Amino acid sequence: MAESPITARSQDFATWYQDVVLQGDMAEPAEIVKGCMVIKANGYAVWELLQRELDGRFKATGHQNMYFPLLIPQSFLHKEAEHVEGFSPELAVVTLAGGKQLDEPYVIRPTSETIIGHFFAKWIKSWRDLPVLVNQWANIIRWELRTRMFLRTTEFLWQEGHTAHSNHDEAVKEVRRMLDVYAEVAEDVMAVPVIKGVKTQSEKFAGALQSYCIEAMMQNGFALQAGTSHDLGQNFGKAFDVQFQNKEGQLEYVWQTSWGASTRLIGGLIMSHSDDRGLVLPPKLAPTKAVIVPIYGKEGGKDGGKDRVLEAAHRIAKEVGAKVDDREGQTPGAKFFHWERRGVPVVLEFGPRDLASGSIVLKRRDTGVKQPMPQAELAEKLPALLSEMQKNMFDAAKQRLRTNTVLANSIGEVESILKDVTAEKGGGKFVMAHVKDDPRCDLRVKEFKATIRCIPLVDEYDGPGKCIVTGEQVDRRAVIAKAY
RNA sequence: CGGGGAGUGGCUCAGCCUGGUAGAGCACCUGGUUCGGGACCAGGGGGUCGGAGGUUCAAAUCCUCUCUCCCCGACCA
């Protein structure tokens with residue numbers, strides 16, 4: 001398979017990113033066809049690992065996987081006013097089917113609140129039926145004006161959780177609990193530090209009371225919304241008439257939540273850790289943790305030196321759970337590059353010299369440091385090394401987040417920090433400023449193409465202050481940044 | 001939709017200005033020598049240049065129309 005060069009330029013991030021993802025291949029992970037992404041082998045393997053991590057946690061918190069229809073009667077979308085307003089512009093609609101014009105068109109789901117609301121109404125009658133905790137792994141379509149590899153494709157894979165509760169308190173607890181799950185997976189599994197917060201009313205999910213989110217910072221300082229968890233209140237309950245009888249025998253509308261994370265996470269992963277030499281995968285998400293590259297040396301081949309090296313390499317590989325790259329006709333150098341650019345955490349060199357000395361040379365992907373070690377110690381040291389790398393990658397990303405987070409006390413200051421920031425040039429910051437959750441503030445910030453990313457749940461700064469736009473008192477600083 | 005750019009073997013691209021009927025590198029196939037950071041030699045297969053029309057003795061190259069993709073903006077996970 002072809003190995004195109006990575007024409008990475010660390011400052012030209014968009015181009016770099018495009019190159020890594022399009023051509024830089026973790027076995028050529030993806031390409032875009034008409035705004036939709038084709039995810040190839042290794043890219044999908046990373047997604048599968050992420051899925052497993054998320055799904056395990058959903059199940060551990062009592063959720064069940066279900067599957068709902070792809071096509072939703074258009075009228076369903078219209079039942080919740082804000083929802084239809086928010087999603088109408090990006091709907092793909094099926095008007096013709098079976099060779100006939102449909103009486104009522106179907107929309108291809110952009111998200112499933114409506115059709116799930118429809119079923120919740122059928123399934124929920126009593127307080128004994130609650131809570132209902134559902135998750136769906138699915139594809140959805142949002143016809144955005146512009147696509148971006150991994151971050152915004154027309155069709156994407158995601159997971160959407162939908163729950164119904166008998167009271168608001170419990171629903172909010174669920175919203176927060178799932179937000180924590182996302183944050184945990186981002187930080188512990190993806191090694192991507194995130195800020196948990198709430199969206200402004202302007203930025204919230206269409207139809208929600210409140211949207212919670214985790215925001216990550218990419219290497220160019222851009223923000224990436226990596227997961228959301230919505231408190232839907234009774235909006236959808238009322239729209240779809242999801243009522244239950246409480247213990248007192250009275251009818252009440254359910255309180256709902258929804259939460260989702262998508263293949264965008266893979267983009268976030270790449271843009272958080274990868275470097276000019278290709279992908280860097282955190283060990284927990286690396287489909288292949290370690291590869292042994294055998295080197296046969298001058299005496300190789302004929303006199304059996306090659307066989308001895310290979311035999312020993314396979315023995316070691318079996319002990320430590322590594323893979324041997326025994327492909328013919330490729331030099332060791334080519335193999336090193338091959339695995340390096342695919343983000344394999346540990347590449348092991350093993351040749352005649354190691355065979356003689358009982359050692360093996362180990363190179364870690366995150367730091368690029370190469371060191372010899374006794375073969376006998378490898379099996380024991382590898383797991384510890386992988387977890388050290390996992391931590392190291394998180395720490396590095398956390399450090400970057402800290403370094404690029406700044407305080408500002410006037411709108412002019414925020415503007416001067418962010419106005420010239422672009423995805424290509426980099427230099428993005430998370431600007432912490434007191435700003436009110438008021439559409440006027442969102443609009444003011446949009447003047448220089450930034451957004452209020454979130455109001456953090458935990459205030460790590462100086463508490464209350466005056467809004468830099470309206471002058472009104474607010475209780476903590478919010479994150480303002482340019483975002484993908 | 002507005003502004004840029006690009007469509008030429010599998011991939012990346014040169015050739016176009018100054019028309020003469022297609023090239024390079026990588027990849028692929030065969031044989032051999034290699035093997036501690038993208039090996040080398042020799043031989044070989046594969047494209048009619050996004051599509052349509054026009055000008056011309058002759059079009060990848062000039063003209064007209066059209067399609068597609070990429071980047072920037074508006075919309076957004």
# chains A, B, ... in the order shown; residues from 1 in each chain; ligands from 1
call {"tool": "interface_residues", "arguments": {"of": "chain A", "to": "chain B", "cutoff": "6 Å", "atoms": "only C-alpha atoms (C1' of nucleotides)", "output": "list in words"}}
result
Ala2, Leu145, Tyr296, Gly297, Thr331, Gly333 and Ala334 of chain A
call {"tool": "residues_around", "arguments": {"residues": "A:Ala191", "least_positions_apart": "5", "cutoff": "7 Å", "atoms": "only C-alpha atoms (C1' of nucleotides)", "output": "count of residues only"}}
result
5
call {"tool": "residues_around", "arguments": {"residues": "A:Asp241", "least_positions_apart": "3", "cutoff": "9 Å", "atoms": "only C-alpha atoms (C1' of nucleotides)", "output": "VMD selection string"}}
result
chain A and resid 117 to 118 120 to 121 236 to 238 253 to 254
call {"tool": "write_last_selection", "arguments": {"atoms": "C-alpha atoms", "output": "short mmCIF file (atom, residue, chain, number, x, y, z; two decimals), in the first residue's frame"}}
result
data_model
loop_
_atom_site.label_atom_id
_atom_site.label_comp_id
_atom_site.auth_asym_id
_atom_site.auth_seq_id
_atom_site.Cartn_x
_atom_site.Cartn_y
_atom_site.Cartn_z
CA GLY A 117 -40.22 10.79 22.18
CA HIS A 118 -42.87 9.15 20.05
CA PHE A 120 -41.54 6.90 24.97
CA ALA A 121 -45.14 8.06 24.80
CA PHE A 236 -40.15 16.86 24.44
CA GLY A 237 -42.41 15.23 27.00
CA LYS A 238 -45.02 17.86 26.25
CA TYR A 253 -44.97 14.91 31.83
CA VAL A 254 -41.65 13.12 31.96
#
call {"tool": "select_by_dssp", "arguments": {"residues": "stretch 96-176 of chain A", "states": "strand (DSSP E or B)", "output": "mmCIF file with N, CA and C atoms, in the first residue's frame"}}
result
data_model
loop_
_atom_site.group_PDB
_atom_site.id
_atom_site.type_symbol
_atom_site.label_atom_id
_atom_site.label_comp_id
_atom_site.auth_asym_id
_atom_site.auth_seq_id
_atom_site.Cartn_x
_atom_site.Cartn_y
_atom_site.Cartn_z
ATOM 1 N N LEU A 96 -39.695 11.080 -2.130
ATOM 2 C CA LEU A 96 -40.093 10.090 -3.122
ATOM 3 C C LEU A 96 -39.628 8.728 -2.641
ATOM 4 N N ALA A 97 -40.521 7.746 -2.661
ATOM 5 C CA ALA A 97 -40.114 6.398 -2.269
ATOM 6 C C ALA A 97 -40.992 5.387 -2.979
ATOM 7 N N LYS A 100 -43.080 6.611 -5.835
ATOM 8 C CA LYS A 100 -44.222 7.503 -5.664
ATOM 9 C C LYS A 100 -43.877 8.678 -4.758
ATOM 10 N N GLN A 101 -44.516 9.779 -5.036
ATOM 11 C CA GLN A 101 -44.397 10.940 -4.175
ATOM 12 C C GLN A 101 -45.059 10.591 -2.842
ATOM 13 N N LEU A 102 -44.356 10.875 -1.747
ATOM 14 C CA LEU A 102 -44.921 10.529 -0.445
ATOM 15 C C LEU A 102 -45.917 11.590 0.023
ATOM 16 N N ASP A 103 -46.979 11.136 0.663
ATOM 17 C CA ASP A 103 -47.942 12.086 1.223
ATOM 18 C C ASP A 103 -47.259 12.916 2.304
ATOM 19 N N GLU A 104 -46.533 12.204 3.166
ATOM 20 C CA GLU A 104 -45.761 12.933 4.163
ATOM 21 C C GLU A 104 -44.294 12.565 4.013
ATOM 22 N N PRO A 105 -43.451 13.543 3.758
ATOM 23 C CA PRO A 105 -42.029 13.243 3.592
ATOM 24 C C PRO A 105 -41.429 12.706 4.894
ATOM 25 N N TYR A 106 -40.335 11.982 4.746
ATOM 26 C CA TYR A 106 -39.544 11.561 5.893
ATOM 27 C C TYR A 106 -38.280 12.397 5.928
ATOM 28 N N VAL A 107 -37.800 12.673 7.117
ATOM 29 C CA VAL A 107 -36.473 13.270 7.205
ATOM 30 C C VAL A 107 -35.514 12.177 7.656
ATOM 31 N N ILE A 108 -34.304 12.247 7.180
ATOM 32 C CA ILE A 108 -33.276 11.346 7.682
ATOM 33 C C ILE A 108 -32.817 11.925 9.007
ATOM 34 N N SER A 126 -46.617 4.716 33.730
ATOM 35 C CA SER A 126 -46.640 4.798 35.187
ATOM 36 C C SER A 126 -45.280 5.235 35.734
ATOM 37 N N VAL A 132 -36.462 5.515 32.196
ATOM 38 C CA VAL A 132 -36.116 4.747 30.995
ATOM 39 C C VAL A 132 -34.753 5.251 30.541
ATOM 40 N N LEU A 133 -33.810 4.330 30.449
ATOM 41 C CA LEU A 133 -32.436 4.716 30.109
ATOM 42 C C LEU A 133 -31.994 3.989 28.835
ATOM 43 N N VAL A 134 -31.968 4.721 27.742
ATOM 44 C CA VAL A 134 -31.726 4.124 26.432
ATOM 45 C C VAL A 134 -30.501 4.741 25.768
ATOM 46 N N ASN A 135 -29.799 3.915 25.035
ATOM 47 C CA ASN A 135 -28.725 4.434 24.195
ATOM 48 C C ASN A 135 -28.836 3.809 22.813
ATOM 49 N N GLN A 136 -28.446 4.585 21.818
ATOM 50 C CA GLN A 136 -28.453 4.074 20.447
ATOM 51 C C GLN A 136 -27.134 4.422 19.768
ATOM 52 N N TRP A 137 -26.499 3.422 19.132
ATOM 53 C CA TRP A 137 -25.356 3.670 18.265
ATOM 54 C C TRP A 137 -25.908 3.772 16.854
ATOM 55 N N ALA A 138 -25.639 4.869 16.193
ATOM 56 C CA ALA A 138 -26.282 5.077 14.901
ATOM 57 C C ALA A 138 -25.498 6.039 14.019
ATOM 58 N N ASN A 139 -25.943 6.101 12.794
ATOM 59 C CA ASN A 139 -25.452 7.127 11.884
ATOM 60 C C ASN A 139 -26.516 8.203 11.776
ATOM 61 N N ILE A 140 -26.100 9.424 11.563
ATOM 62 C CA ILE A 140 -27.078 10.488 11.354
ATOM 63 C C ILE A 140 -26.587 11.398 10.232
ATOM 64 N N ILE A 141 -27.505 12.180 9.717
ATOM 65 C CA ILE A 141 -27.144 13.096 8.631
ATOM 66 C C ILE A 141 -27.553 14.512 8.980
ATOM 67 N N ARG A 148 -15.890 19.114 7.185
ATOM 68 C CA ARG A 148 -14.500 19.087 7.577
ATOM 69 C C ARG A 148 -14.183 17.673 8.048
ATOM 70 N N ARG A 152 -16.699 17.516 10.896
ATOM 71 C CA ARG A 152 -18.042 17.860 10.454
ATOM 72 C C ARG A 152 -18.301 17.241 9.109
ATOM 73 N N GLU A 155 -22.642 12.788 6.886
ATOM 74 C CA GLU A 155 -23.108 11.648 7.661
ATOM 75 C C GLU A 155 -22.059 11.357 8.715
ATOM 76 N N PHE A 156 -22.474 11.091 9.923
ATOM 77 C CA PHE A 156 -21.490 10.670 10.909
ATOM 78 C C PHE A 156 -22.046 9.626 11.859
ATOM 79 N N LEU A 157 -21.121 8.910 12.460
ATOM 80 C CA LEU A 157 -21.488 7.886 13.428
ATOM 81 C C LEU A 157 -21.451 8.515 14.803
ATOM 82 N N TRP A 158 -22.401 8.123 15.608
ATOM 83 C CA TRP A 158 -22.360 8.599 16.978
ATOM 84 C C TRP A 158 -23.136 7.673 17.874
ATOM 85 N N GLN A 159 -23.244 8.098 19.081
ATOM 86 C CA GLN A 159 -24.023 7.412 20.081
ATOM 87 C C GLN A 159 -24.911 8.476 20.663
ATOM 88 N N GLU A 160 -26.183 8.169 20.801
ATOM 89 C CA GLU A 160 -27.080 9.139 21.434
ATOM 90 C C GLU A 160 -27.838 8.467 22.563
ATOM 91 N N GLY A 161 -27.689 9.013 23.747
ATOM 92 C CA GLY A 161 -28.407 8.480 24.897
ATOM 93 C C GLY A 161 -29.685 9.280 25.078
ATOM 94 N N HIS A 162 -30.757 8.577 25.459
ATOM 95 C CA HIS A 162 -32.034 9.254 25.683
ATOM 96 C C HIS A 162 -32.652 8.677 26.949
ATOM 97 N N THR A 163 -32.985 9.524 27.872
ATOM 98 C CA THR A 163 -33.570 9.007 29.104
ATOM 99 C C THR A 163 -34.808 9.811 29.497
ATOM 100 N N ALA A 164 -35.666 9.143 30.240
ATOM 101 C CA ALA A 164 -36.878 9.801 30.753
ATOM 102 C C ALA A 164 -36.957 9.559 32.252
ATOM 103 N N HIS A 165 -37.312 10.601 32.995
ATOM 104 C CA HIS A 165 -37.321 10.529 34.454
ATOM 105 C C HIS A 165 -38.618 11.123 35.013
#
call {"tool": "residues_around", "arguments": {"residues": "A:Glu187", "least_positions_apart": "5", "cutoff": "10 Å", "atoms": "only C-alpha atoms (C1' of nucleotides)", "output": "ChimeraX atom specification"}}
result
/A:181-182,192-194,216,390-391,394-395,397-398
call {"tool": "write_last_selection", "arguments": {"atoms": "C-alpha atoms", "output": "tab-separated table (two decimals), in the first residue's frame"}}
result
chain	number	residue	atom	x	y	z
A	181	VAL	CA	-18.62	9.79	31.67
A	182	TYR	CA	-17.62	11.78	28.60
A	192	VAL	CA	-7.47	14.75	26.07
A	193	PRO	CA	-8.07	17.17	28.95
A	194	VAL	CA	-11.46	18.86	28.84
A	216	ALA	CA	-11.12	20.33	24.47
A	390	GLN	CA	-0.76	7.44	28.44
A	391	LYS	CA	-0.15	9.74	31.38
A	394	PHE	CA	-2.38	13.62	28.96
A	395	ASP	CA	0.05	15.78	30.91
A	397	ALA	CA	-2.02	18.13	26.50
A	398	LYS	CA	-2.99	19.50	29.90
